[in-house]
Structure formats: structure tokens, C-alpha cells
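Engineer: Got a structure for you, data.pdb, holding PDB, C-alpha atoms.
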ATOM      1  CA  MET A   1    -140.874 109.886-117.873
ATOM      2  CA  THR A   2    -139.024 108.625-114.838
ATOM      3  CA  ASP A   3    -135.792 110.195-116.097
ATOM      4  CA  GLY A   4    -135.038 113.072-113.746
ATOM      5  CA  THR A   5    -133.039 114.924-116.352
ATOM      6  CA  LEU A   6    -135.810 114.744-118.867
ATOM      7  CA  GLU A   7    -138.308 115.772-116.221
ATOM      8  CA  ALA A   8    -136.221 118.821-115.397
ATOM      9  CA  ARG A   9    -135.921 119.757-119.046
ATOM     10  CA  LEU A  10    -139.648 119.426-119.534
ATOM     11  CA  ARG A  11    -140.378 121.665-116.569
ATOM     12  CA  VAL A  12    -137.975 124.484-117.248
ATOM     13  CA  ARG A  13    -136.137 124.548-120.510
ATOM     14  CA  PRO A  14    -138.335 123.623-123.487
ATOM     15  CA  TYR A  15    -140.230 126.846-124.016
ATOM     16  CA  ALA A  16    -137.039 128.835-123.564
ATOM     17  CA  LEU A  17    -136.120 127.333-126.952
ATOM     18  CA  THR A  18    -139.165 128.968-128.494
ATOM     19  CA  GLY A  19    -138.780 132.348-126.822
ATOM     20  CA  GLY A  20    -141.853 131.573-124.734
ATOM     21  CA  ARG A  21    -144.066 131.047-127.757
ATOM     22  CA  VAL A  22    -146.574 128.221-127.540
ATOM     23  CA  ARG A  23    -148.090 128.453-131.010
ATOM     24  CA  SER A  24    -146.485 127.426-134.264
ATOM     25  CA  SER A  25    -146.465 129.895-137.119
ATOM     26  CA  ILE A  26    -148.072 127.246-139.352
ATOM     27  CA  GLU A  27    -150.481 124.419-138.612
ATOM     28  CA  LEU A  28    -148.575 121.195-138.009
ATOM     29  CA  PRO A  29    -150.575 118.131-136.975
ATOM     30  CA  LEU A  30    -148.443 115.717-134.953
ATOM     31  CA  GLU A  31    -148.321 113.243-137.858
ATOM     32  CA  THR A  32    -146.955 115.867-140.287
ATOM     33  CA  ILE A  33    -144.019 114.438-142.239
ATOM     34  CA  VAL A  34    -140.950 116.636-142.188
ATOM     35  CA  ARG A  35    -137.832 116.475-144.339
ATOM     36  CA  VAL A  36    -134.712 118.608-144.443
ATOM     37  CA  THR A  37    -134.331 120.720-147.591
ATOM     38  CA  SER A  38    -131.072 121.093-149.482
ATOM     39  CA  ARG A  39    -130.837 124.566-147.967
ATOM     40  CA  GLY A  40    -131.267 123.044-144.514
ATOM     41  CA  GLU A  41    -128.557 120.491-145.248
ATOM     42  CA  ALA A  42    -126.179 123.142-146.492
ATOM     43  CA  SER A  43    -126.703 125.349-143.442
ATOM     44  CA  THR A  44    -126.961 122.711-140.707
ATOM     45  CA  SER A  45    -123.608 123.507-139.125
ATOM     46  CA  GLU A  46    -124.532 127.185-138.746
ATOM     47  CA  LEU A  47    -127.780 126.521-136.907
ATOM     48  CA  ALA A  48    -128.485 126.432-133.164
ATOM     49  CA  SER A  49    -127.913 123.000-131.649
ATOM     50  CA  GLU A  50    -131.570 121.944-131.344
ATOM     51  CA  ARG A  51    -132.096 123.026-134.972
ATOM     52  CA  GLN A  52    -129.062 121.009-136.030
ATOM     53  CA  GLN A  53    -130.523 117.970-134.293
ATOM     54  CA  ILE A  54    -133.849 118.476-136.052
ATOM     55  CA  CYS A  55    -132.081 118.692-139.432
ATOM     56  CA  ARG A  56    -130.243 115.435-138.711
ATOM     57  CA  ILE A  57    -133.381 113.593-137.617
ATOM     58  CA  CYS A  58    -135.209 114.869-140.703
ATOM     59  CA  THR A  59    -132.572 113.580-143.122
ATOM     60  CA  ASP A  60    -134.869 110.580-143.092
ATOM     61  CA  LEU A  61    -138.570 111.258-143.326
ATOM     62  CA  SER A  62    -139.836 111.890-139.805
ATOM     63  CA  SER A  63    -143.107 113.050-138.327
ATOM     64  CA  ILE A  64    -143.427 115.855-135.792
ATOM     65  CA  ALA A  65    -144.164 113.138-133.222
ATOM     66  CA  GLU A  66    -140.930 111.297-134.081
ATOM     67  CA  VAL A  67    -138.875 114.479-133.834
ATOM     68  CA  SER A  68    -140.450 115.096-130.423
ATOM     69  CA  ALA A  69    -139.683 111.541-129.282
ATOM     70  CA  HIS A  70    -136.066 111.578-130.474
ATOM     71  CA  LEU A  71    -135.316 115.014-129.006
ATOM     72  CA  LYS A  72    -137.285 114.263-125.818
ATOM     73  CA  LEU A  73    -139.028 117.600-126.169
ATOM     74  CA  PRO A  74    -142.794 118.154-125.824
ATOM     75  CA  LEU A  75    -144.852 118.245-129.011
ATOM     76  CA  GLY A  76    -145.742 121.899-128.533
ATOM     77  CA  VAL A  77    -142.105 122.964-128.487
ATOM     78  CA  VAL A  78    -141.231 120.869-131.530
ATOM     79  CA  ARG A  79    -144.166 122.358-133.437
ATOM     80  CA  VAL A  80    -142.919 125.884-132.864
ATOM     81  CA  LEU A  81    -139.321 125.014-133.783
ATOM     82  CA  VAL A  82    -140.288 123.046-136.902
ATOM     83  CA  GLY A  83    -142.828 125.703-137.916
ATOM     84  CA  ASP A  84    -140.067 128.327-137.891
ATOM     85  CA  MET A  85    -137.694 126.089-139.818
ATOM     86  CA  VAL A  86    -140.293 125.354-142.509
ATOM     87  CA  THR A  87    -141.057 129.061-142.853
ATOM     88  CA  GLU A  88    -137.342 129.779-143.172
ATOM     89  CA  GLY A  89    -136.838 127.084-145.806
ATOM     90  CA  PHE A  90    -134.691 124.643-143.809
ATOM     91  CA  LEU A  91    -137.397 121.964-143.706
ATOM     92  CA  GLU A  92    -140.332 120.970-145.859
ATOM     93  CA  ALA A  93    -143.514 119.523-144.401
ATOM     94  CA  ASN A  94    -146.380 117.397-145.637
ATOM     95  CA  ALA A  95    -149.645 116.663-143.858
ATOM     96  CA  THR A  96    -153.025 115.319-144.910
ATOM     97  CA  VAL A  97    -154.580 118.228-146.722
ATOM     98  CA  MET A  98    -157.553 119.623-144.866
ATOM     99  CA  THR A  99    -159.337 122.920-144.889
ATOM    100  CA  ALA A 100    -160.316 124.500-141.599
ATOM    101  CA  ASP A 101    -164.047 124.783-142.291
ATOM    102  CA  GLN A 102    -164.492 121.354-143.841
ATOM    103  CA  ASP A 103    -164.956 117.963-142.294
ATOM    104  CA  PRO A 104    -161.388 117.174-141.305
ATOM    105  CA  ARG A 105    -161.747 113.471-142.026
ATOM    106  CA  PRO A 106    -159.726 111.834-144.781
ATOM    107  CA  ASP A 107    -161.577 111.598-148.077
ATOM    108  CA  LEU A 108    -162.883 108.403-149.687
ATOM    109  CA  ARG A 109    -159.965 107.869-152.009
ATOM    110  CA  LEU A 110    -157.479 108.122-149.180
ATOM    111  CA  LEU A 111    -159.517 105.699-147.053
ATOM    112  CA  GLU A 112    -159.572 103.199-149.902
ATOM    113  CA  ARG A 113    -155.814 103.438-150.240
ATOM    114  CA  VAL A 114    -155.376 102.870-146.500
ATOM    115  CA  LEU A 115    -157.628  99.829-146.669
ATOM    116  CA  ASP A 116    -155.706  98.437-149.655
ATOM    117  CA  GLY A 117    -152.411  99.152-147.907
ATOM    118  CA  LEU A 118    -153.467  97.373-144.719
ATOM    119  CA  GLN A 119    -154.729  94.383-146.670
ATOM    120  CA  ALA A 120    -151.377  94.100-148.421
ATOM    121  CA  LEU A 121    -149.424  93.985-145.138
TER     122      LEU A 121
ATOM    123  CA  MET B   1    -144.501 128.286-148.155
ATOM    124  CA  ALA B   2    -143.192 125.604-150.493
ATOM    125  CA  PHE B   3    -139.441 125.652-150.848
ATOM    126  CA  LYS B   4    -138.128 125.090-154.313
ATOM    127  CA  ARG B   5    -135.474 122.424-154.258
ATOM    128  CA  SER B   6    -132.202 123.549-155.747
ATOM    129  CA  ASP B   7    -131.040 120.008-156.423
ATOM    130  CA  PRO B   8    -133.886 117.970-157.920
ATOM    131  CA  THR B   9    -131.622 114.995-158.619
ATOM    132  CA  ARG B  10    -130.997 114.276-154.959
ATOM    133  CA  GLU B  11    -132.280 110.795-154.299
ATOM    134  CA  THR B  12    -134.205 111.646-151.119
ATOM    135  CA  GLY B  13    -136.104 114.355-152.974
ATOM    136  CA  GLY B  14    -139.388 114.050-154.791
ATOM    137  CA  ALA B  15    -142.905 113.677-153.502
ATOM    138  CA  MET B  16    -143.277 113.155-149.791
ATOM    139  CA  PRO B  17    -145.558 110.413-148.484
ATOM    140  CA  ILE B  18    -148.914 111.357-147.019
ATOM    141  CA  PRO B  19    -149.306 110.709-143.280
ATOM    142  CA  VAL B  20    -152.508 109.154-141.944
ATOM    143  CA  LYS B  21    -153.282 108.233-138.363
ATOM    144  CA  ILE B  22    -155.352 105.960-136.212
ATOM    145  CA  VAL B  23    -155.923 106.618-132.510
ATOM    146  CA  VAL B  24    -155.633 103.699-130.081
ATOM    147  CA  ALA B  25    -157.371 104.579-126.817
ATOM    148  CA  GLY B  26    -157.782 102.630-123.640
ATOM    149  CA  GLY B  27    -157.118 102.504-119.920
ATOM    150  CA  TYR B  28    -153.798 102.105-118.190
ATOM    151  CA  ALA B  29    -152.031  98.808-118.982
ATOM    152  CA  VAL B  30    -154.782  97.567-121.293
ATOM    153  CA  GLY B  31    -152.178  96.798-123.955
ATOM    154  CA  LYS B  32    -152.120  99.908-126.169
ATOM    155  CA  THR B  33    -148.370  99.904-126.630
ATOM    156  CA  THR B  34    -148.322  96.149-127.163
ATOM    157  CA  PHE B  35    -151.020  96.556-129.815
ATOM    158  CA  VAL B  36    -149.082  99.343-131.563
ATOM    159  CA  GLY B  37    -145.784  97.459-131.255
ATOM    160  CA  SER B  38    -147.178  94.232-132.701
ATOM    161  CA  ILE B  39    -147.524  95.797-136.146
ATOM    162  CA  SER B  40    -145.284  98.885-136.103
ATOM    163  CA  GLU B  41    -142.124  98.953-138.247
ATOM    164  CA  ILE B  42    -140.295 100.816-135.510
ATOM    165  CA  GLU B  43    -140.050 100.159-131.790
ATOM    166  CA  PRO B  44    -142.869 102.263-130.334
ATOM    167  CA  LEU B  45    -141.644 105.749-129.451
ATOM    168  CA  THR B  46    -142.886 108.030-126.714
ATOM    169  CA  THR B  47    -143.756 111.679-127.029
ATOM    170  CA  GLU B  48    -145.167 114.076-124.475
ATOM    171  CA  ALA B  49    -147.896 116.607-124.947
ATOM    172  CA  SER B  50    -148.369 119.281-122.333
ATOM    173  CA  LEU B  51    -151.477 121.272-121.584
ATOM    174  CA  THR B  52    -149.644 124.577-121.828
ATOM    175  CA  SER B  53    -148.787 123.895-125.447
ATOM    176  CA  HIS B  54    -152.480 124.106-126.257
ATOM    177  CA  SER B  55    -153.251 127.270-124.318
ATOM    178  CA  ALA B  56    -153.681 129.471-127.358
ATOM    179  CA  GLY B  57    -152.425 132.983-126.988
ATOM    180  CA  VAL B  58    -151.294 132.572-123.405
ATOM    181  CA  ASP B  59    -147.901 134.016-122.701
ATOM    182  CA  ILE B  60    -146.190 131.569-120.427
ATOM    183  CA  ALA B  61    -142.913 133.452-120.145
ATOM    184  CA  GLY B  62    -142.137 133.896-116.484
ATOM    185  CA  ALA B  63    -144.483 131.127-115.507
ATOM    186  CA  ALA B  64    -141.813 128.451-115.290
ATOM    187  CA  SER B  65    -142.986 127.329-111.866
ATOM    188  CA  LYS B  66    -146.497 126.678-113.147
ATOM    189  CA  THR B  67    -147.416 123.025-113.091
ATOM    190  CA  THR B  68    -148.272 121.664-116.494
ATOM    191  CA  THR B  69    -150.323 118.599-117.248
ATOM    192  CA  THR B  70    -148.360 116.279-119.454
ATOM    193  CA  VAL B  71    -149.342 113.013-120.983
ATOM    194  CA  ALA B  72    -147.122 110.453-122.620
ATOM    195  CA  MET B  73    -148.223 108.921-125.890
ATOM    196  CA  ASP B  74    -146.643 105.845-127.379
ATOM    197  CA  PHE B  75    -146.820 105.574-131.120
ATOM    198  CA  GLY B  76    -145.658 103.469-134.023
ATOM    199  CA  ARG B  77    -145.578 103.722-137.786
ATOM    200  CA  ILE B  78    -146.363 101.484-140.749
ATOM    201  CA  GLY B  79    -145.528 102.247-144.373
ATOM    202  CA  LEU B  80    -148.498 101.526-146.633
ATOM    203  CA  GLY B  81    -147.056 101.272-150.113
ATOM    204  CA  ASP B  82    -144.658 103.958-151.285
ATOM    205  CA  ASP B  83    -146.725 106.996-150.599
ATOM    206  CA  LEU B  84    -148.635 106.539-147.329
ATOM    207  CA  ILE B  85    -147.377 106.332-143.769
ATOM    208  CA  LEU B  86    -149.817 105.190-141.122
ATOM    209  CA  TYR B  87    -149.189 106.359-137.554
ATOM    210  CA  LEU B  88    -150.801 104.621-134.612
ATOM    211  CA  PHE B  89    -151.075 106.854-131.560
ATOM    212  CA  GLY B  90    -151.824 105.283-128.212
ATOM    213  CA  THR B  91    -153.591 107.573-125.769
ATOM    214  CA  PRO B  92    -154.966 107.088-122.260
ATOM    215  CA  GLY B  93    -158.739 106.776-122.243
ATOM    216  CA  GLN B  94    -159.648 108.808-119.187
ATOM    217  CA  ASP B  95    -161.388 112.179-118.955
ATOM    218  CA  ARG B  96    -158.404 114.131-117.774
ATOM    219  CA  PHE B  97    -156.638 113.583-121.072
ATOM    220  CA  HIS B  98    -159.395 115.263-123.061
ATOM    221  CA  PHE B  99    -157.230 118.300-123.685
ATOM    222  CA  MET B 100    -155.215 116.479-126.297
ATOM    223  CA  TRP B 101    -157.917 114.504-128.009
ATOM    224  CA  ASP B 102    -159.210 117.308-130.237
ATOM    225  CA  ASP B 103    -155.747 117.512-131.704
ATOM    226  CA  LEU B 104    -155.340 113.755-131.973
ATOM    227  CA  VAL B 105    -158.637 112.988-133.702
ATOM    228  CA  ARG B 106    -158.439 115.854-136.200
ATOM    229  CA  GLY B 107    -157.864 114.219-139.570
ATOM    230  CA  ALA B 108    -157.723 110.719-138.067
ATOM    231  CA  ILE B 109    -159.102 107.737-139.966
ATOM    232  CA  GLY B 110    -160.707 106.555-136.766
ATOM    233  CA  ALA B 111    -160.025 105.016-133.386
ATOM    234  CA  VAL B 112    -159.622 101.619-131.808
ATOM    235  CA  VAL B 113    -160.905 101.536-128.235
ATOM    236  CA  LEU B 114    -159.024  98.762-126.452
ATOM    237  CA  VAL B 115    -160.980  97.245-123.607
ATOM    238  CA  ASP B 116    -159.985  95.165-120.614
ATOM    239  CA  THR B 117    -163.228  93.543-119.514
ATOM    240  CA  SER B 118    -162.181  93.620-115.875
ATOM    241  CA  ARG B 119    -161.938  97.436-116.034
ATOM    242  CA  LEU B 120    -164.640  98.566-118.426
ATOM    243  CA  GLU B 121    -164.953 101.970-116.791
ATOM    244  CA  ASP B 122    -161.494 102.960-118.062
ATOM    245  CA  CYS B 123    -162.828 103.490-121.564
ATOM    246  CA  PHE B 124    -166.176 105.202-120.946
ATOM    247  CA  ALA B 125    -164.710 108.641-121.599
ATOM    248  CA  ALA B 126    -163.038 107.619-124.855
ATOM    249  CA  VAL B 127    -166.224 106.009-126.198
ATOM    250  CA  ASP B 128    -168.249 109.128-125.294
ATOM    251  CA  TYR B 129    -165.693 111.398-126.873
ATOM    252  CA  PHE B 130    -165.339 109.555-130.190
ATOM    253  CA  GLU B 131    -169.102 109.226-130.466
ATOM    254  CA  SER B 132    -169.695 112.944-129.954
ATOM    255  CA  ALA B 133    -166.794 113.849-132.235
ATOM    256  CA  GLY B 134    -168.325 111.717-135.000
ATOM    257  CA  LEU B 135    -165.073 109.776-135.337
ATOM    258  CA  PRO B 136    -165.497 106.215-136.657
ATOM    259  CA  PHE B 137    -164.349 103.754-134.004
ATOM    260  CA  VAL B 138    -164.330 100.064-133.226
ATOM    261  CA  VAL B 139    -164.228  98.440-129.810
ATOM    262  CA  ALA B 140    -161.643  95.694-129.426
ATOM    263  CA  VAL B 141    -161.657  93.582-126.295
ATOM    264  CA  ASN B 142    -158.103  92.558-125.555
ATOM    265  CA  ALA B 143    -158.135  88.899-124.624
ATOM    266  CA  PHE B 144    -155.416  88.464-122.052
ATOM    267  CA  PHE B 145    -154.255  84.870-122.185
ATOM    268  CA  GLY B 146    -156.944  84.153-124.742
ATOM    269  CA  ARG B 147    -159.798  84.728-122.328
ATOM    270  CA  ILE B 148    -162.332  87.448-121.877
ATOM    271  CA  HIS B 149    -164.476  87.755-118.782
ATOM    272  CA  HIS B 150    -167.674  88.808-120.543
ATOM    273  CA  SER B 151    -169.316  88.202-123.894
ATOM    274  CA  LEU B 152    -169.019  90.904-126.534
ATOM    275  CA  GLU B 153    -172.738  91.583-126.284
ATOM    276  CA  ASP B 154    -172.446  92.106-122.517
ATOM    277  CA  VAL B 155    -169.599  94.541-123.124
ATOM    278  CA  ARG B 156    -171.656  96.359-125.776
ATOM    279  CA  GLU B 157    -174.505  96.760-123.346
ATOM    280  CA  ALA B 158    -172.289  97.821-120.440
ATOM    281  CA  LEU B 159    -170.551 100.471-122.516
ATOM    282  CA  ALA B 160    -173.740 101.479-124.378
ATOM    283  CA  ILE B 161    -172.011 100.989-127.719
ATOM    284  CA  PRO B 162    -174.388 101.767-130.620
ATOM    285  CA  ALA B 163    -175.383  98.784-132.787
ATOM    286  CA  GLY B 164    -173.494 100.089-135.814
ATOM    287  CA  VAL B 165    -170.115 100.129-134.063
ATOM    288  CA  PRO B 166    -168.098  96.970-134.775
ATOM    289  CA  MET B 167    -166.887  95.002-131.776
ATOM    290  CA  MET B 168    -164.313  92.243-131.764
ATOM    291  CA  VAL B 169    -161.966  90.233-129.603
ATOM    292  CA  THR B 170    -158.321  90.924-130.294
ATOM    293  CA  ASP B 171    -154.939  89.791-129.030
ATOM    294  CA  ALA B 172    -152.722  92.855-128.781
ATOM    295  CA  ARG B 173    -149.572  90.713-128.903
ATOM    296  CA  ASP B 174    -150.449  89.143-132.217
ATOM    297  CA  ARG B 175    -149.675  90.951-135.462
ATOM    298  CA  ALA B 176    -152.393  89.181-137.475
ATOM    299  CA  SER B 177    -154.971  89.995-134.836
ATOM    300  CA  THR B 178    -153.920  93.648-134.712
ATOM    301  CA  LYS B 179    -154.005  93.823-138.506
ATOM    302  CA  ALA B 180    -157.539  92.367-138.536
ATOM    303  CA  THR B 181    -158.638  94.993-135.997
ATOM    304  CA  LEU B 182    -157.170  97.841-138.057
ATOM    305  CA  LEU B 183    -158.794  96.447-141.210
ATOM    306  CA  GLU B 184    -162.152  96.341-139.457
ATOM    307  CA  LEU B 185    -161.704  99.990-138.495
ATOM    308  CA  ALA B 186    -160.670 101.015-142.011
ATOM    309  CA  GLN B 187    -163.696  99.232-143.481
ATOM    310  CA  HIS B 188    -165.966 100.852-140.914
ATOM    311  CA  ALA B 189    -164.511 104.296-141.657
ATOM    312  CA  LEU B 190    -165.007 103.751-145.378
ATOM    313  CA  ALA B 191    -168.605 102.625-144.877
ATOM    314  CA  ASN B 192    -169.215 105.711-142.712
ATOM    315  CA  ALA B 193    -167.723 108.007-145.316
ATOM    316  CA  ASN B 194    -169.911 106.455-147.993
ATOM    317  CA  ALA B 195    -173.079 106.841-145.943
ATOM    318  CA  PRO B 196    -174.775 110.243-145.963
ATOM    319  CA  SER B 197    -174.412 111.740-142.494
TER     320      SER B 197
END
What does the file become when written as C-alpha cells?

Structural biologist:
Amino acid sequence: MTDGTLEARLRVRPYALTGGRVRSSIELPLETIVRVTSRGEASTSELASERQQICRICTDLSSIAEVSAHLKLPLGVVRVLVGDMVTEGFLEANATVMTADQDPRPDLRLLERVLDGLQAL
Amino acid sequence: MAFKRSDPTRETGGAMPIPVKIVVAGGYAVGKTTFVGSISEIEPLTTEASLTSHSAGVDIAGAASKTTTTVAMDFGRIGLGDDLILYLFGTPGQDRFHFMWDDLVRGAIGAVVLVDTSRLEDCFAAVDYFESAGLPFVVAVNAFFGRIHHSLEDVREALAIPAGVPMMVTDARDRASTKATLLELAQHALANANAPS
């Protein structure tokens, strides 16, 4: 945060990457796991530079938050970029499945698995 | 939406793990990042959220000079078995960061409120918020140098923590202690989910 360059980028440039859009085309919680598709891999070199970087980061499984941290771009910007790339088939995404009108909390089975997983650490 | 993979034999393909998250809230320098880092598989990373990114429908083109509120969040990750990834998101506990909490708590397992007993007021807002959001949370007093200034019951009273909310002393530097705190939260969340609300 004390990096002047980063500060400047955060103030001026990020939303230029999204054409001024602040909303993603699809809902992407910040913990959403993202992975490059084979189509994304095949087309990486033809993509814009920030999209290339996202494809490279997402060769390994990464969350939206990790992409944001590695690119030093705000979450909102990354959501828009990743949302576009998922829609276009360059990335695939996976989040905890929730429906908008339901209690958004994880269900019992998932909670039990988390508890088991923590115990096994 | 789903993209059909053209090469199903690729070794990175197949089912993707499910992400789950826990929110770690507390005042400045209470030890959130230390807590996250003590158990995370990666060095904690930092991401920034800005208020403008949540202003639905607002066209910000041409408003480059507008000041935006940004907040840095440190986070870590832990693989739980082959198919779950747990993210721990550290967030400041004060009122002015409310704008991002709705987003953070949506779908979360629950929250750990980290408390420094010499600055209890730093976590009032977080406790209020999680309570009204119905998010399961535990209150963990971080014992700097193994000491806390007040008993847990005094802290419970000072923060008006309901009787059903677990409280514990933790040491944010210690992996076993952090694990015990997360386990307490997971058990509490499970008990909450089992109870009719």
C-alpha cells in the first residue's frame, strides 16, 4: 500500500481495464476458484496483457482474491476481468453453490467436511 | 456457462475443489495476519477492495479524480483434503469498513473476532455486525506474551457477547492454538446449523 506505483495504478488505471464497468457479468465471490481452460491456454498469447497474466496465474488453481493479490489490482477490477474471461470460455470458475433467495450459509454436509478437514490438519 | 473441456486427459483437469471461507476480524495490529499466517499454506497475500467496486450501476467513467475508499485485506489458504480449500480473510474491525463486510460474510462458515484486551473498542463494530448478520462467530482474545489483561468473563461482559458465543484465549503466533480456534468456530457453526433458527 505504500508503493507509490501501485497507489497510482489503483487511483487511475484499474477501471480503464474494464472499460469503466464496475460489475462483473457473473457473480464471483472473492473466494471463487478459477482455472484456465484448454481454450484459454491455447489462446493465451493472443490475449491482452492483463488477460495473459490472469491465464498464467490460473494455470494453478487460484481464487479471485489470489489473482487480485498477484496482479496488484483491486478485487472489483479482477471480478470484471475474470467474469468476462469465464463467459468467453478462457477460464472456468467454481464457488460454493448458493441461491440468491436462500440462506447463503454453507450446508451441514459441507460444514462437517470442514470440521473433519481441520481436525486432520 | 460451463465450458466443455476439449482435452479431458489433461492432468490439471477434473473436478475443481470447493472454496470455503472464514472471516478473521479485529482492530489494527491485533494479530490478524499473524493468526492467518500461522496456519496458512502460503505466505499471507494482500488484496484491496475499493468502495467504488461495490457501487452497483454507477458509471465511474470520467470520475478518475474521485477519491475511493480502499481497504487492504490479508488472507491465507489451507487445503482441507483433496476437494476443499479454506480461505482465511483478515479484515479490519471498525465501522468504516462495513462496505465490504456484506460481501465477505456471504457464504462464510463464520468469523473469528480477534481481541486485544487493551483495546476492546476496536472490535465492537465487528461483533455487532456478525450478530445482526446471523453469522456464527467466536471471540478469541489474543494473548500477547502469554498474558491477557482481563478475564474472559470480563471481556464477555464488556463486549456484551451473548452466552452462546464461544470465547477463548488464543496465541496468534502458534499454529496449534490457531487450529484450536478454527475448530471451535467450525463446531459452533455446525451446532448453529443443526439448531432450528

Engineer: How many Å lie between atom CA of Asp102 of chain B and atom CA of Glu157 of chain B, rounded to one decimal?

Structural biologist: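 Atom-to-atom, atom CA of Asp102 of chain B to atom CA of Glu157 of chain B, that is 26.5 Å.
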
Engineer: On this structure, the ChimeraX specification (/B :<8) & /A would catch which residues? List them as a PyMOL selection string, sorted by chain and number.

Structural biologist: chain A and resi 1+11-12+19-23+29-33+37-39+65-66+68-69+72-77+86-87+89+92+94-96+98+104-108+111-112+114-115+117-119+121

Engineer: Within 10 Å of Thr44 of chain A, counting only C-alpha atoms, which residues qualify if same-chain residues fewer than 6 places away don't, as a PyMOL selection string?

Structural biologist: chain A and resi 36+38+51-56+90

Engineer: Rounded to one decimal place, report the atom CA of Leu61 of chain A-atom CA of Arg35 of chain A distance in Å.

Structural biologist: 5.4 Å

Engineer: Separation of atom CA of Met85 of chain A and atom CA of His98 of chain B, in Å?

Structural biologist: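 Separation of atom CA of Met85 of chain A and atom CA of His98 of chain B: 29.5 Å.
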
Engineer: Once 4 Å is added on each side, what centre and edge lengths in Å to one decimal does the axis-aligned box around all listed atoms of segment 14-22 of chain A have, as AutoDock Vina command-line options?

Structural biologist:
--center_x -141.3 --center_y 128.0 --center_z -126.0 --size_x 18.5 --size_y 16.7 --size_z 13.0

Engineer: If we count all atoms listed in the file, what is near Val30 of chain B at a cut-off of 9 Å, once residues fewer than 3 positions away on the same chain are taken out, given as a list in words?

Structural biologist: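 Contacts, with the query itself left out: Gly26, Gly27, Thr33, Thr34, Leu114, Val115, Asp116, Arg119 and Asn142 of chain B.
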
Engineer: Pick out the closest residue to Ala93 of chain A from this set: A:Ile64, A:Ile57, A:Ala16, A:Leu47. Count only C-alpha atoms.

Structural biologist: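 Between A:Ile64, A:Ile57, A:Ala16, A:Leu47, the residue approaching Ala93 of chain A most closely is A:Ile64.
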